[in-house]
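Student: One structure, as structure tokens, below. Some questions next.
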Number of protein chains: 2
Amino acid sequence: MTTNRILTDYVYELIGALHSAGVVDVVISPGSRSTALAYAFASSKEFKIVRHVDERSAAFLALGIAKTKAAPVVLLCTSGTAAANYFPAIIEAYYARVPLIVLTADRPHELRGVGAPQAINQPNLYGHHVKMTVDLPIPDNDLHTLPYIARQMTRVTTMAMDNPRGPVHVNIPFREPLLIDFQEQLPPARMEVVFPADVAPSAATLAAFKTQIEATKKGFIVIGDLPQHVDLRYLWAFIRQLKWPVLVESLSHLRTNIPADCADFVIDHYDAILKNEQFKHRMAPQTVIRFGAQPVSKPLTLFLKAVRPEYFIVIDEDAIFRDPVGIVTMHIHAPVDKWLTSFTSANEIFDKDYCSKWLAANTIATTKITNYIASEEDEGAIAGLFFTMMPDGSDLIVSSSMPIRDVDTFFTKTTRNIHVYANRGTNGIDGVVSTAIGTQLASGRQSYLLIGDLAFLHDSNGLIASRYQAVDLTIIVMNNDGGGIFSYLAQASVEKHYETLFGTPTGLQFNHLAAMYDAQYDAVDSKEQFATVFSQPKVKPLRIIEVATNRQANVLAHRMLWQQINEELETIW
Amino acid sequence: MTTNRILTDYVYELIGALHSAGVVDVVISPGSRSTALAYAFASSKEFKIVRHVDERSAAFLALGIAKTKAAPVVLLCTSGTAAANYFPAIIEAYYARVPLIVLTADRPHELRGVGAPQAINQPNLYGHHVKMTVDLPIPDNDLHTLPYIARQMTRVTTMAMDNPRGPVHVNIPFREPLLIDFQEQLPPARMEVVFPADVAPSAATLAAFKTQIEATKKGFIVIGDLPQHVDLRYLWAFIRQLKWPVLVESLSHLRTNIPADCADFVIDHYDAILKNEQFKHRMAPQTVIRFGAQPVSKPLTLFLKAVRPEYFIVIDEDAIFRDPVGIVTMHIHAPVDKWLTSFTSANEIFDKDYCSKWLAANTIATTKITNYIASEEDEGAIAGLFFTMMPDGSDLIVSSSMPIRDVDTFFTKTTRNIHVYANRGTNGIDGVVSTAIGTQLASGRQSYLLIGDLAFLHDSNGLIASRYQAVDLTIIVMNNDGGGIFSYLAQASVEKHYETLFGTPTGLQFNHLAAMYDAQYDAVDSKEQFATVFSQPKVKPLRIIEVATNRQANVLAHRMLWQQINEELETIW
């Protein structure tokens, strides 16, 4: 077999520059046009290859790895609609700020737009949803080509990793023959990459920040979804200094692994507390400081929208700061990072009773929720039990829709070292199984996925990854036979067409899917059964525990819990 | 429940205009933001609703309906990545010229680009791969709004149906509350829609066409994939008049249902014949006329590329005519249609022996292929047997990759009324199951899908459709455990990494998937078994026949067949 020298040099230059810029993980889907790059990656020991035959799942798997490692991950596919299957995960990566480097092999120019097979219009394929897109030239032996390729690869990687991080797209045309000499070594780096220096707010900004904090009697901190590269020690130090209540979403990673001296500031059950009208009325904050994304909790969002705090300060590394209700008064355009240590505050007029009231309310909610978990039988109670049974040092990946809300309500703060992940860039229920597999491949930790039946079905192809690499995952499927979350919306009150358009029950159970993928499988329909089964050892790489629940019962039970907390909260005044 | 009057008028105006423009079929995926439109469609008896929970499959299902009916089909989904899951099918529809009307519900402007949940940048989401995109205004009671909405819906439908047909995108923002009064009737049409008038080439073009035909001694007609709206009688009349050999791809619908007086012109086994060097050398045509897309056959493409006919005339309704090898000498920019009847030709100097030689070669190939089907045991022989067993009045949907090539080689011309469909806009292996289901829903005919194991796995979620509506389909899965087509390419000779990157065996069988979807299931591994099983009655709506084949054996057997035909062809001189 003759190999193509020009092509060989081109692809090794390209992957060499990616390696120099810090890329290790490469997720490849099979195809013909991408042959040269696939061989080059696979034959270079510098890269770790993950394979998947469904490009939609492959992209979400790459997202899971990139998110968990906080490192750039390459995706590689052939020409045509293969590349279009990446689109959902790319959009999620764009809004969740995850560094994906998408390499799409393309046909050469003479086969574009002329009716050739498997040729689509790939340059700019992903539109507004990538940070940068490059259409590389066809491999040739011009002197400019290799240095240009190398430096463009450096640029795209730096761009993907620059704050806010995100996906980039490189389209690469190849002429036949597509075979390379894969005895080749990676070439030396042409330039050094120094990743973004620390960015800190100016002295003037810091002074304004300090002034607003020191003018505050009542205020709290909100911490939403934070990327993995944030060093949480800076946040804990800031919390220790301020001594304000801090409302932590599970995705902030501050609801777990809590330092002992910070536990009393951490408010985890704000979602339940903020359903109480009197509490909201009396506890209106003057100042709110938010790190990370706006949390999932709708009661929190409505509270902030109604209050419109005098100072609503958002620290966000993106110029397009996240402020869905339009109440931000100061945007500190910086990453959540070391600069927080340069901040010291007297913070003397702060009302200590305000903090105590939050804590008292949180204690009430915690007690009620704990009792609820112990005594009820619905989806939330089983999820709550599961959270308490998760071992130290494990990971929880949570689907959008109901599971993330069950975490919000039933995951109580803990000193256990547990990481919680979810796709909250766009809140899709697509690609969740694959994201979980990517997370587990990246962390190597004991991992659990909590997911509903429709989301599980949507990405059942995620399981194909287990046929190509060792996957170690326990999947807890809450099967309420359809779209449970819609039961909480206004349309649930309209009986006509409701099941057809929103409930959409499939009547499917997942025992057959488990058998197909050789997974350990148990079906349970009570909390007690769940506890028994969950305590049994995991004996296969993939484990599926299917929990039969009832959409209607879930809604009623949740409403009862909120009512109980609501009533008890009246006692704190 | 209070309903929103402005919203009610808006959505009924919108769907009313779609109805007036000829839309009947609507494929809906569940979601919240699209509530108003979903309710309006579902409560209007004018529409036929199909449901699917996986938007990627939903879009391919819509494509199957639109393609088969040659009619516009609406897709409806909620905001966020749901819309991105449509992308692969939209691109296929763009290149395959299928009229899809994609309605994406969006958040209102104040929730776009501000970090709100489930909000992505939806205007222009599909870039170059839709014919038209509109971002509608938020529902209001301005006098301009309803007439504008109605007329835009007329425009997008007309655009989707205008030649070349294709997908269009309408993005529609909705503010809460999202509930409408669905006792509403559709409003009367504001205007009449007259679909594109017949287009015919000018007299000068016709004269040039005639001159080139009458100057031809040796020539043939090539007919590739044709859309369903073409009336084939005009093509048969043209063939009768010219009496040239006509090379028909299965997707032209001219390899089946052949009129008795045309059978002798129809060359179906050109793919096998054109592997013979002497034949190619002696039979170089002076003129080639092509209707429809360039056929699948690589030998045909290579032949035409090497010959570069003096006249290569393409009739294509798209200004960007399909000519992947760059040999077209005349592009008649018109649909394949009635204007062909206005053409009469003396065509006196045409070499009748040229036609006889093609027919002789075709007869040789047919005999060898028939013998091969009778005596061999590989994938091709089983596929060939299956084609002969298909009943009159049934449909065949074929996956890209190996199955379409098996049809090309082993589907022999027939008078049976069989329609053959495949996604050849971009030749993807994605969405094939869903396309087949859409085709069957639209035709109501007995339908068979021929598909490989990777393509079947890729769109196994297509089967979810069977949980929401009555699907009647037999799926024949050729399971060669991986990417069989790559065995025919150069990379197959490189053992290192080959199975990892191209073979990609999953080791999966589909009995469990069949059980999950309550399908009738049989596994066979010989032709005899296949014949027995295929003759047994279909007793469930879904039927899966899994055929175990061997990638390596397939390649060797095919090569042997081509060698036999090649040798026998030497006898015709």
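By convention here, the chains of the structure tokens are called A, B, ... in the order presented, each chain's residues are numbered starting at 1, and ligands are numbered starting at 1 in the order presented.
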Per DSSP on the backbone, filter segment 269-516 of chain B down to the residues in strand (DSSP E) and report them as an mmCIF file with all heavy atoms, in the first residue's frame.

Tutor:
data_model
loop_
_atom_site.group_PDB
_atom_site.id
_atom_site.type_symbol
_atom_site.label_atom_id
_atom_site.label_comp_id
_atom_site.auth_asym_id
_atom_site.auth_seq_id
_atom_site.Cartn_x
_atom_site.Cartn_y
_atom_site.Cartn_z
ATOM 1 N N THR B 287 -22.495 10.633 -26.629
ATOM 2 C CA THR B 287 -23.472 11.473 -25.943
ATOM 3 C C THR B 287 -24.074 10.725 -24.748
ATOM 4 O O THR B 287 -24.387 9.535 -24.859
ATOM 5 C CB THR B 287 -24.628 11.852 -26.899
ATOM 6 O OG1 THR B 287 -24.075 12.528 -28.024
ATOM 7 C CG2 THR B 287 -25.653 12.760 -26.210
ATOM 8 N N VAL B 288 -24.204 11.436 -23.651
ATOM 9 C CA VAL B 288 -24.909 10.881 -22.493
ATOM 10 C C VAL B 288 -25.923 11.919 -22.021
ATOM 11 O O VAL B 288 -25.606 13.108 -21.932
ATOM 12 C CB VAL B 288 -23.941 10.528 -21.343
ATOM 13 C CG1 VAL B 288 -24.711 10.099 -20.097
ATOM 14 C CG2 VAL B 288 -22.970 9.433 -21.771
ATOM 15 N N ILE B 289 -27.139 11.471 -21.764
ATOM 16 C CA ILE B 289 -28.180 12.353 -21.215
ATOM 17 C C ILE B 289 -28.512 11.837 -19.823
ATOM 18 O O ILE B 289 -28.840 10.660 -19.663
ATOM 19 C CB ILE B 289 -29.461 12.312 -22.087
ATOM 20 C CG1 ILE B 289 -29.127 12.635 -23.542
ATOM 21 C CG2 ILE B 289 -30.510 13.275 -21.529
ATOM 22 C CD1 ILE B 289 -30.294 12.373 -24.496
ATOM 23 N N ARG B 290 -28.388 12.711 -18.831
ATOM 24 C CA ARG B 290 -28.696 12.234 -17.473
ATOM 25 C C ARG B 290 -29.895 12.970 -16.878
ATOM 26 O O ARG B 290 -29.963 14.198 -16.922
ATOM 27 C CB ARG B 290 -27.489 12.403 -16.542
ATOM 28 C CG ARG B 290 -27.614 11.538 -15.270
ATOM 29 C CD ARG B 290 -26.616 11.918 -14.207
ATOM 30 N NE ARG B 290 -27.041 13.129 -13.553
ATOM 31 C CZ ARG B 290 -26.217 14.045 -13.053
ATOM 32 N NH1 ARG B 290 -24.906 13.897 -13.158
ATOM 33 N NH2 ARG B 290 -26.699 15.121 -12.478
ATOM 34 N N PHE B 291 -30.815 12.185 -16.333
ATOM 35 C CA PHE B 291 -31.916 12.717 -15.530
ATOM 36 C C PHE B 291 -31.683 12.289 -14.082
ATOM 37 O O PHE B 291 -31.200 11.186 -13.827
ATOM 38 C CB PHE B 291 -33.261 12.153 -15.987
ATOM 39 C CG PHE B 291 -33.617 12.477 -17.412
ATOM 40 C CD1 PHE B 291 -33.267 11.617 -18.449
ATOM 41 C CD2 PHE B 291 -34.313 13.642 -17.710
ATOM 42 C CE1 PHE B 291 -33.603 11.912 -19.764
ATOM 43 C CE2 PHE B 291 -34.663 13.939 -19.023
ATOM 44 C CZ PHE B 291 -34.302 13.077 -20.055
ATOM 45 N N TYR B 311 -20.914 15.126 -25.805
ATOM 46 C CA TYR B 311 -22.094 15.792 -25.245
ATOM 47 C C TYR B 311 -22.488 15.083 -23.952
ATOM 48 O O TYR B 311 -22.794 13.886 -23.974
ATOM 49 C CB TYR B 311 -23.287 15.723 -26.208
ATOM 50 C CG TYR B 311 -22.999 16.308 -27.574
ATOM 51 C CD1 TYR B 311 -23.174 15.537 -28.724
ATOM 52 C CD2 TYR B 311 -22.574 17.634 -27.711
ATOM 53 C CE1 TYR B 311 -22.916 16.066 -29.981
ATOM 54 C CE2 TYR B 311 -22.313 18.166 -28.975
ATOM 55 C CZ TYR B 311 -22.484 17.376 -30.101
ATOM 56 O OH TYR B 311 -22.228 17.900 -31.331
ATOM 57 N N PHE B 312 -22.455 15.815 -22.858
ATOM 58 C CA PHE B 312 -22.963 15.246 -21.606
ATOM 59 C C PHE B 312 -24.027 16.216 -21.107
ATOM 60 O O PHE B 312 -23.730 17.306 -20.601
ATOM 61 C CB PHE B 312 -21.844 15.058 -20.577
ATOM 62 C CG PHE B 312 -22.294 14.288 -19.346
ATOM 63 C CD1 PHE B 312 -23.006 13.114 -19.460
ATOM 64 C CD2 PHE B 312 -22.012 14.732 -18.072
ATOM 65 C CE1 PHE B 312 -23.414 12.392 -18.344
ATOM 66 C CE2 PHE B 312 -22.437 14.034 -16.942
ATOM 67 C CZ PHE B 312 -23.139 12.846 -17.079
ATOM 68 N N ILE B 313 -25.265 15.823 -21.343
ATOM 69 C CA ILE B 313 -26.394 16.716 -21.109
ATOM 70 C C ILE B 313 -27.097 16.326 -19.812
ATOM 71 O O ILE B 313 -27.508 15.177 -19.652
ATOM 72 C CB ILE B 313 -27.400 16.622 -22.282
ATOM 73 C CG1 ILE B 313 -26.657 16.884 -23.605
ATOM 74 C CG2 ILE B 313 -28.550 17.608 -22.072
ATOM 75 C CD1 ILE B 313 -27.410 16.401 -24.830
ATOM 76 N N VAL B 314 -27.194 17.287 -18.906
ATOM 77 C CA VAL B 314 -27.856 17.016 -17.640
ATOM 78 C C VAL B 314 -29.138 17.843 -17.550
ATOM 79 O O VAL B 314 -29.103 19.061 -17.766
ATOM 80 C CB VAL B 314 -26.926 17.347 -16.457
ATOM 81 C CG1 VAL B 314 -27.712 17.456 -15.166
ATOM 82 C CG2 VAL B 314 -25.845 16.282 -16.329
ATOM 83 N N ILE B 315 -30.252 17.165 -17.276
ATOM 84 C CA ILE B 315 -31.512 17.879 -17.023
ATOM 85 C C ILE B 315 -31.667 17.946 -15.511
ATOM 86 O O ILE B 315 -31.831 16.923 -14.849
ATOM 87 C CB ILE B 315 -32.719 17.166 -17.668
ATOM 88 C CG1 ILE B 315 -32.637 17.271 -19.193
ATOM 89 C CG2 ILE B 315 -34.027 17.820 -17.202
ATOM 90 C CD1 ILE B 315 -31.921 16.148 -19.854
ATOM 91 N N MET B 330 -23.834 20.422 -21.307
ATOM 92 C CA MET B 330 -25.059 21.210 -21.381
ATOM 93 C C MET B 330 -25.921 20.930 -20.157
ATOM 94 O O MET B 330 -26.169 19.774 -19.820
ATOM 95 C CB MET B 330 -25.878 20.876 -22.640
ATOM 96 C CG MET B 330 -27.216 21.652 -22.702
ATOM 97 S SD MET B 330 -28.320 21.093 -24.027
ATOM 98 C CE MET B 330 -27.695 22.044 -25.402
ATOM 99 N N HIS B 331 -26.335 22.034 -19.504
ATOM 100 C CA HIS B 331 -27.245 21.878 -18.380
ATOM 101 C C HIS B 331 -28.583 22.451 -18.786
ATOM 102 O O HIS B 331 -28.700 23.653 -19.012
ATOM 103 C CB HIS B 331 -26.700 22.620 -17.144
ATOM 104 C CG HIS B 331 -27.705 22.748 -16.028
ATOM 105 N ND1 HIS B 331 -27.747 23.820 -15.179
ATOM 106 C CD2 HIS B 331 -28.720 21.922 -15.649
ATOM 107 C CE1 HIS B 331 -28.740 23.661 -14.310
ATOM 108 N NE2 HIS B 331 -29.343 22.523 -14.566
ATOM 109 N N ILE B 332 -29.587 21.588 -18.916
ATOM 110 C CA ILE B 332 -30.938 22.077 -19.185
ATOM 111 C C ILE B 332 -31.603 22.291 -17.834
ATOM 112 O O ILE B 332 -31.907 21.335 -17.114
ATOM 113 C CB ILE B 332 -31.724 21.092 -20.070
ATOM 114 C CG1 ILE B 332 -30.996 20.955 -21.427
ATOM 115 C CG2 ILE B 332 -33.162 21.586 -20.271
ATOM 116 C CD1 ILE B 332 -31.703 20.086 -22.430
ATOM 117 N N SER B 394 -45.182 -3.582 -3.141
ATOM 118 C CA SER B 394 -44.523 -3.287 -1.868
ATOM 119 C C SER B 394 -43.410 -2.256 -2.069
ATOM 120 O O SER B 394 -43.060 -1.912 -3.197
ATOM 121 C CB SER B 394 -43.966 -4.574 -1.250
ATOM 122 O OG SER B 394 -42.973 -5.135 -2.091
ATOM 123 N N ASP B 395 -42.895 -1.752 -0.951
ATOM 124 C CA ASP B 395 -41.845 -0.729 -1.000
ATOM 125 C C ASP B 395 -40.561 -1.250 -0.363
ATOM 126 O O ASP B 395 -40.610 -2.022 0.594
ATOM 127 C CB ASP B 395 -42.276 0.523 -0.220
ATOM 128 C CG ASP B 395 -43.323 1.334 -0.966
ATOM 129 O OD1 ASP B 395 -43.586 1.023 -2.144
ATOM 130 O OD2 ASP B 395 -43.869 2.273 -0.371
ATOM 131 N N LEU B 396 -39.448 -0.766 -0.894
ATOM 132 C CA LEU B 396 -38.151 -1.123 -0.335
ATOM 133 C C LEU B 396 -37.422 0.154 0.061
ATOM 134 O O LEU B 396 -37.213 1.034 -0.774
ATOM 135 C CB LEU B 396 -37.324 -1.886 -1.385
ATOM 136 C CG LEU B 396 -35.867 -2.192 -1.038
ATOM 137 C CD1 LEU B 396 -35.752 -3.072 0.199
ATOM 138 C CD2 LEU B 396 -35.160 -2.858 -2.236
ATOM 139 N N ILE B 397 -37.068 0.253 1.346
ATOM 140 C CA ILE B 397 -36.257 1.377 1.791
ATOM 141 C C ILE B 397 -34.865 0.829 2.075
ATOM 142 O O ILE B 397 -34.718 -0.198 2.731
ATOM 143 C CB ILE B 397 -36.854 2.056 3.042
ATOM 144 C CG1 ILE B 397 -38.277 2.531 2.745
ATOM 145 C CG2 ILE B 397 -35.998 3.231 3.455
ATOM 146 C CD1 ILE B 397 -39.371 1.598 3.190
ATOM 147 N N VAL B 398 -33.860 1.521 1.558
ATOM 148 C CA VAL B 398 -32.512 0.971 1.566
ATOM 149 C C VAL B 398 -31.572 1.914 2.293
ATOM 150 O O VAL B 398 -31.555 3.120 2.017
ATOM 151 C CB VAL B 398 -31.999 0.791 0.120
ATOM 152 C CG1 VAL B 398 -30.705 0.015 0.120
ATOM 153 C CG2 VAL B 398 -33.031 0.122 -0.740
ATOM 154 N N HIS B 419 -41.543 0.380 -5.168
ATOM 155 C CA HIS B 419 -40.809 1.646 -5.079
ATOM 156 C C HIS B 419 -39.567 1.432 -4.222
ATOM 157 O O HIS B 419 -39.636 0.783 -3.188
ATOM 158 C CB HIS B 419 -41.665 2.738 -4.437
ATOM 159 C CG HIS B 419 -42.844 3.116 -5.264
ATOM 160 N ND1 HIS B 419 -43.971 3.701 -4.748
ATOM 161 C CD2 HIS B 419 -43.078 2.998 -6.594
ATOM 162 C CE1 HIS B 419 -44.837 3.928 -5.704
ATOM 163 N NE2 HIS B 419 -44.329 3.504 -6.839
ATOM 164 N N VAL B 420 -38.472 1.987 -4.669
ATOM 165 C CA VAL B 420 -37.229 1.880 -3.907
ATOM 166 C C VAL B 420 -36.827 3.275 -3.434
ATOM 167 O O VAL B 420 -36.770 4.217 -4.228
ATOM 168 C CB VAL B 420 -36.100 1.269 -4.760
ATOM 169 C CG1 VAL B 420 -34.849 1.057 -3.906
ATOM 170 C CG2 VAL B 420 -36.539 -0.049 -5.388
ATOM 171 N N TYR B 421 -36.576 3.409 -2.127
ATOM 172 C CA TYR B 421 -36.202 4.712 -1.548
ATOM 173 C C TYR B 421 -34.874 4.602 -0.804
ATOM 174 O O TYR B 421 -34.577 3.582 -0.179
ATOM 175 C CB TYR B 421 -37.240 5.159 -0.512
ATOM 176 C CG TYR B 421 -38.632 5.354 -1.036
ATOM 177 C CD1 TYR B 421 -39.559 4.308 -1.000
ATOM 178 C CD2 TYR B 421 -39.036 6.580 -1.557
ATOM 179 C CE1 TYR B 421 -40.855 4.485 -1.467
ATOM 180 C CE2 TYR B 421 -40.332 6.762 -2.022
ATOM 181 C CZ TYR B 421 -41.235 5.716 -1.976
ATOM 182 O OH TYR B 421 -42.509 5.903 -2.445
ATOM 183 N N ALA B 422 -34.097 5.677 -0.821
ATOM 184 C CA ALA B 422 -32.895 5.745 0.022
ATOM 185 C C ALA B 422 -32.566 7.209 0.259
ATOM 186 O O ALA B 422 -32.962 8.071 -0.523
ATOM 187 C CB ALA B 422 -31.723 5.054 -0.660
ATOM 188 N N GLN B 446 -47.063 -2.314 1.979
ATOM 189 C CA GLN B 446 -46.206 -3.280 2.651
ATOM 190 C C GLN B 446 -44.763 -2.826 2.432
ATOM 191 O O GLN B 446 -44.339 -2.611 1.290
ATOM 192 C CB GLN B 446 -46.442 -4.646 2.011
ATOM 193 C CG GLN B 446 -45.930 -5.785 2.835
ATOM 194 C CD GLN B 446 -46.474 -7.118 2.321
ATOM 195 O OE1 GLN B 446 -47.436 -7.165 1.538
ATOM 196 N NE2 GLN B 446 -45.865 -8.199 2.759
ATOM 197 N N SER B 447 -43.992 -2.660 3.509
ATOM 198 C CA SER B 447 -42.687 -2.022 3.362
ATOM 199 C C SER B 447 -41.571 -2.824 4.011
ATOM 200 O O SER B 447 -41.752 -3.425 5.067
ATOM 201 C CB SER B 447 -42.730 -0.621 3.980
ATOM 202 O OG SER B 447 -43.664 0.179 3.290
ATOM 203 N N TYR B 448 -40.422 -2.795 3.353
ATOM 204 C CA TYR B 448 -39.241 -3.512 3.818
ATOM 205 C C TYR B 448 -38.070 -2.548 3.915
ATOM 206 O O TYR B 448 -37.837 -1.758 2.992
ATOM 207 C CB TYR B 448 -38.873 -4.626 2.830
ATOM 208 C CG TYR B 448 -39.972 -5.636 2.655
ATOM 209 C CD1 TYR B 448 -40.955 -5.462 1.670
ATOM 210 C CD2 TYR B 448 -40.053 -6.745 3.488
ATOM 211 C CE1 TYR B 448 -41.985 -6.371 1.519
ATOM 212 C CE2 TYR B 448 -41.089 -7.667 3.346
ATOM 213 C CZ TYR B 448 -42.050 -7.476 2.360
ATOM 214 O OH TYR B 448 -43.075 -8.373 2.227
ATOM 215 N N LEU B 449 -37.348 -2.631 5.022
ATOM 216 C CA LEU B 449 -36.118 -1.843 5.165
ATOM 217 C C LEU B 449 -34.937 -2.799 5.105
ATOM 218 O O LEU B 449 -34.882 -3.774 5.855
ATOM 219 C CB LEU B 449 -36.130 -1.109 6.507
ATOM 220 C CG LEU B 449 -34.802 -0.502 6.986
ATOM 221 C CD1 LEU B 449 -34.286 0.550 6.007
ATOM 222 C CD2 LEU B 449 -34.960 0.108 8.379
ATOM 223 N N LEU B 450 -33.991 -2.521 4.223
ATOM 224 C CA LEU B 450 -32.749 -3.295 4.172
ATOM 225 C C LEU B 450 -31.634 -2.426 4.743
ATOM 226 O O LEU B 450 -31.369 -1.332 4.225
ATOM 227 C CB LEU B 450 -32.423 -3.689 2.721
ATOM 228 C CG LEU B 450 -31.151 -4.516 2.540
ATOM 229 C CD1 LEU B 450 -31.286 -5.902 3.175
ATOM 230 C CD2 LEU B 450 -30.785 -4.650 1.059
ATOM 231 N N ILE B 451 -30.978 -2.896 5.799
ATOM 232 C CA ILE B 451 -30.068 -2.033 6.555
ATOM 233 C C ILE B 451 -28.940 -2.855 7.180
ATOM 234 O O ILE B 451 -29.122 -4.036 7.471
ATOM 235 C CB ILE B 451 -30.895 -1.271 7.643
ATOM 236 C CG1 ILE B 451 -30.099 -0.151 8.306
ATOM 237 C CG2 ILE B 451 -31.477 -2.234 8.684
ATOM 238 C CD1 ILE B 451 -30.979 0.804 9.130
ATOM 239 N N GLY B 452 -27.784 -2.231 7.349
ATOM 240 C CA GLY B 452 -26.663 -2.886 8.026
ATOM 241 C C GLY B 452 -26.744 -2.696 9.533
ATOM 242 O O GLY B 452 -27.556 -1.905 10.031
ATOM 243 N N LEU B 473 -43.816 -2.514 9.455
ATOM 244 C CA LEU B 473 -42.545 -2.532 8.735
ATOM 245 C C LEU B 473 -41.788 -3.836 9.007
ATOM 246 O O LEU B 473 -41.770 -4.323 10.128
ATOM 247 C CB LEU B 473 -41.701 -1.343 9.213
ATOM 248 C CG LEU B 473 -40.350 -1.096 8.526
ATOM 249 C CD1 LEU B 473 -40.544 -0.647 7.071
ATOM 250 C CD2 LEU B 473 -39.550 -0.034 9.287
ATOM 251 N N THR B 474 -41.162 -4.365 7.956
ATOM 252 C CA THR B 474 -40.238 -5.486 8.120
ATOM 253 C C THR B 474 -38.817 -4.973 7.914
ATOM 254 O O THR B 474 -38.524 -4.360 6.879
ATOM 255 C CB THR B 474 -40.532 -6.597 7.087
ATOM 256 O OG1 THR B 474 -41.850 -7.095 7.338
ATOM 257 C CG2 THR B 474 -39.519 -7.732 7.206
ATOM 258 N N ILE B 475 -37.966 -5.211 8.904
ATOM 259 C CA ILE B 475 -36.589 -4.721 8.836
ATOM 260 C C ILE B 475 -35.658 -5.905 8.652
ATOM 261 O O ILE B 475 -35.668 -6.845 9.455
ATOM 262 C CB ILE B 475 -36.220 -3.971 10.132
ATOM 263 C CG1 ILE B 475 -37.198 -2.807 10.350
ATOM 264 C CG2 ILE B 475 -34.775 -3.482 10.089
ATOM 265 C CD1 ILE B 475 -36.999 -2.084 11.678
ATOM 266 N N ILE B 476 -34.892 -5.869 7.584
ATOM 267 C CA ILE B 476 -33.906 -6.923 7.358
ATOM 268 C C ILE B 476 -32.541 -6.337 7.672
ATOM 269 O O ILE B 476 -32.053 -5.445 6.966
ATOM 270 C CB ILE B 476 -34.005 -7.434 5.906
ATOM 271 C CG1 ILE B 476 -35.372 -8.118 5.737
ATOM 272 C CG2 ILE B 476 -32.869 -8.407 5.592
ATOM 273 C CD1 ILE B 476 -35.813 -8.260 4.330
ATOM 274 N N VAL B 477 -31.958 -6.807 8.771
ATOM 275 C CA VAL B 477 -30.672 -6.271 9.215
ATOM 276 C C VAL B 477 -29.569 -7.214 8.775
ATOM 277 O O VAL B 477 -29.533 -8.373 9.183
ATOM 278 C CB VAL B 477 -30.608 -6.142 10.753
ATOM 279 C CG1 VAL B 477 -29.314 -5.464 11.173
ATOM 280 C CG2 VAL B 477 -31.807 -5.397 11.297
ATOM 281 N N MET B 478 -28.693 -6.711 7.939
ATOM 282 C CA MET B 478 -27.511 -7.482 7.563
ATOM 283 C C MET B 478 -26.456 -7.222 8.626
ATOM 284 O O MET B 478 -25.845 -6.153 8.650
ATOM 285 C CB MET B 478 -26.993 -7.022 6.198
ATOM 286 C CG MET B 478 -27.922 -7.344 5.043
ATOM 287 S SD MET B 478 -27.981 -9.139 4.768
ATOM 288 C CE MET B 478 -29.065 -9.215 3.336
ATOM 289 N N ASN B 479 -26.286 -8.162 9.524
ATOM 290 C CA ASN B 479 -25.355 -7.956 10.636
ATOM 291 C C ASN B 479 -24.002 -8.585 10.321
ATOM 292 O O ASN B 479 -23.798 -9.775 10.491
ATOM 293 C CB ASN B 479 -25.928 -8.514 11.932
ATOM 294 C CG ASN B 479 -25.133 -8.053 13.140
ATOM 295 O OD1 ASN B 479 -24.010 -7.549 12.998
ATOM 296 N ND2 ASN B 479 -25.695 -8.204 14.315
#

Student: Name the residues in contact with segment 235-252 of chain B at a cut-off of 7 Å, using only C-alpha atoms, excluding same-chain residues fewer than 4 positions from it; report them as a list in words.

Tutor: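 Everything that qualifies: Gly219, Phe220, Ile221, Val222, Ile223, Gly224, Asp225, Leu226, Cys262, Phe265, Val266, Ile267, Asp268, Tyr270, Pro295, Leu340, Asn347, Cys355, Trp358, Asp408, Val420 and Tyr421 of chain B.
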
Student: Pick out the closest residue to Ala442 of chain B from this set: B:Arg56, B:His144, B:Lys48, B:Lys131. Count only C-alpha atoms.

Tutor: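 Using only C-alpha atoms, the shortest distance to Ala442 of chain B belongs to B:Lys48.
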
Student: Hey, which of B:Asn4, B:Ser375, B:Gln286, B:Thr68 ends up closest to Gln440 of chain B? Count only C-alpha atoms.

Tutor: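 Closest to Gln440 of chain B of all the choices is B:Thr68.
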
Student: Just how far from atom CA of Ala548 of chain B is atom CA of Pro505 of chain B, in Å to one decimal?

Tutor: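 Answer for the atom CA of Pro505 of chain B to atom CA of Ala548 of chain B separation: 13.1 Å.
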
Student: Could you pull the residues within 6 Å of segment 171-178 of chain B, counting only C-alpha atoms, minus those fewer than 2 positions along the same chain, as JSON, numbers by chain?

Tutor: {"B": [36, 103, 104, 105, 106, 107, 108, 135, 136, 138]}
